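**Student:** Encoded as structure tokens, here's the structure I'll be asking about.
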Amino acid sequence: MIMDWWHLLVSFFLANVFGYGGGPSSIPLMFQEIVTNHSWMNSSEFSNMLALGNALPGPIATKIAAYVGYQIGGWIGVLIAVAATVVPSIIALIILLNILQKYKQSPVIKGMTLLVQPVIAIMMVLVTWSSLVESTKVIGYLQFFGIAAVAFYLIQMRKIHPAFVILAGFVYGGIFLST
């Protein structure tokens with residue numbers, strides 16, 4: 001059990017320290033730790049957890065940490081995973097904001113913050129691609145792209161909050177896709 005707690009601590013610490021930009025940018029790193037490195041979940045389970053986590057209020061990284069921490073190490077696992085997720089961010093935020101404030105006009109600082117964005121975008125594309133592959137295996141291309149088109153329409157055109165669209169997806173899956 002102690003090794004499980006250690007792996008939770010290291011995995012969530014690394015995912016969140018290197019996840020520049022917060023929850024969305026740390027999701028691919030969490031995926032790497034949770035699915036690829038430790039096999040605590042498979043890709044489908046991770047996608048389901050991510051969808052449900054996005055439907056709930058609050059930061060996604062802490063919700064993922066709490067869920068996985070509980071699954072792996074019970075309530076102590078929750079404390080370890082959530083602490084490994086938020087404490088480094090708190091410390092880094094205080095230090096980095098002071099540095100950025102002091103050197104905010106520096107072209108180096110401006111360049112660093114702008115040039116990391118494509119890396120984050122590619123990481124999100126990779127997680128999206130993994131979810132697409134897994135989903136199309138299970139529900140097929142037609143249903144996948146139909147659901148994606150409806151979700152896009154509701155979120156972008158009708159301006160419905162994504163949490164409601166995710167909840168509608170859960171209802172749809174529970175009714176029409178249950179096996």
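So you can find residues: chains in the structure tokens are A, B, ... in the order shown, residues in each start at 1, and ligands are numbered from 1 in order.
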Could you name the residues that touch range 80-89 of chain A at 7 Å or less, counting only C-alpha atoms, but leaving out those on the same chain fewer than 3 positions away, as a list in words?

**Tutor:** Trp5, Leu8, Leu9, Phe12, Phe13, Asn16, Val17, Thr62, Ala65, Ala66, Gly69, Ile76, Gly77, Ala92 and Leu93 of chain A

**Student:** Since we have the selection now, will you write its residues out, keeping C-alpha atoms, as a compact mmCIF listing (two decimals), in the first residue's frame?

**Tutor:**
# COMPACT_ATOMS: atom_id res chain seq x y z
CA TRP A 5 0.74 5.96 -2.14
CA LEU A 8 0.20 8.41 -6.49
CA LEU A 9 2.35 11.17 -5.01
CA PHE A 12 0.26 13.49 -9.70
CA PHE A 13 3.18 15.67 -8.66
CA ASN A 16 0.85 18.85 -12.37
CA VAL A 17 4.34 20.33 -12.14
CA THR A 62 -8.20 17.89 -8.47
CA ALA A 65 -6.65 13.21 -8.46
CA ALA A 66 -9.40 12.61 -5.91
CA GLY A 69 -6.46 8.53 -5.38
CA ILE A 76 -5.35 8.48 2.30
CA GLY A 77 -4.86 8.10 -1.45
CA ALA A 92 4.87 27.70 -8.07
CA LEU A 93 2.09 30.26 -8.45

**Student:** Write out as a ChimeraX atom specification the set of residues from range 23-154 of chain A that DSSP, computed on the backbone, places in alpha helix (DSSP H).

**Tutor:** /A:23-31,43-55,60-102,107-115,117-139,141-152

**Student:** When you look at Met123 in chain A with a cut-off of 10 Å (counting only C-alpha atoms), what residues show up, excluding the ones that are within fewer than 2 positions of it in the same chain? I need them as a compact mmCIF listing (two decimals) with C-alpha atoms, in the first residue's frame.

**Tutor:**
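Below is the file selection_23.txt, written as the result:
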# COMPACT_ATOMS: atom_id res chain seq x y z
CA GLY A 19 1.31 20.59 -16.84
CA PRO A 24 -6.38 21.10 -19.33
CA SER A 25 -2.67 20.97 -20.00
CA SER A 26 -2.04 18.45 -17.22
CA ILE A 27 -4.73 16.05 -18.49
CA PRO A 28 -2.45 14.45 -21.13
CA LEU A 29 0.26 14.03 -18.50
CA GLN A 117 1.05 27.08 -26.08
CA PRO A 118 1.60 24.93 -29.21
CA VAL A 119 3.05 22.16 -27.03
CA ILE A 120 -0.07 22.22 -24.87
CA ALA A 121 -2.27 22.21 -27.97
CA VAL A 125 -4.85 16.77 -29.63
CA LEU A 126 -3.17 13.51 -28.59
CA VAL A 127 -5.63 12.94 -25.73
CA THR A 128 -8.50 13.80 -28.08
CA TRP A 129 -7.16 11.38 -30.68

**Student:** Which residues of range 6-66 of chain A have any atom within 10 Å of an atom in range 155-175 of chain A when counting only C-alpha atoms, and what is the closest pair of atoms for each, with the distance in Å to one decimal? Order the rows by chain and rising number and write it as a Markdown table.

**Tutor:**
| residue | atom | partner | partner_atom | distance |
| --- | --- | --- | --- | --- |
| A:Asn48 | CA | A:Phe170 | CA | 9.3 |
| A:Ala51 | CA | A:Ile166 | CA | 6.6 |
| A:Leu52 | CA | A:Ile166 | CA | 7.3 |
| A:Gly53 | CA | A:Ala163 | CA | 9.3 |
| A:Asn54 | CA | A:Ala163 | CA | 6.5 |
| A:Ala55 | CA | A:Ala163 | CA | 4.1 |
| A:Leu56 | CA | A:Ala163 | CA | 7.0 |
| A:Pro57 | CA | A:Ala163 | CA | 8.7 |

**Student:** Export N, CA and C atoms of the chosen residues as a tab-separated table (two decimals), in the first residue's frame?

**Tutor:**
chain	number	residue	atom	x	y	z
A	48	ASN	N	-14.28	8.35	-19.61
A	48	ASN	CA	-15.53	8.47	-18.84
A	48	ASN	C	-15.33	9.34	-17.60
A	51	ALA	N	-15.01	12.95	-18.69
A	51	ALA	CA	-16.31	13.52	-19.07
A	51	ALA	C	-17.13	13.85	-17.83
A	52	LEU	N	-17.20	12.93	-16.90
A	52	LEU	CA	-17.96	13.18	-15.67
A	52	LEU	C	-17.33	14.31	-14.87
A	53	GLY	N	-16.00	14.31	-14.78
A	53	GLY	CA	-15.31	15.37	-14.05
A	53	GLY	C	-15.57	16.74	-14.63
A	54	ASN	N	-15.66	16.82	-15.96
A	54	ASN	CA	-15.95	18.10	-16.61
A	54	ASN	C	-17.39	18.55	-16.38
A	55	ALA	N	-18.26	17.62	-16.06
A	55	ALA	CA	-19.65	17.97	-15.80
A	55	ALA	C	-19.85	18.52	-14.38
A	56	LEU	N	-18.88	18.29	-13.52
A	56	LEU	CA	-18.97	18.74	-12.13
A	56	LEU	C	-18.22	20.06	-11.95
A	57	PRO	N	-18.62	20.85	-10.97
A	57	PRO	CA	-17.92	22.12	-10.74
A	57	PRO	C	-16.53	21.91	-10.15
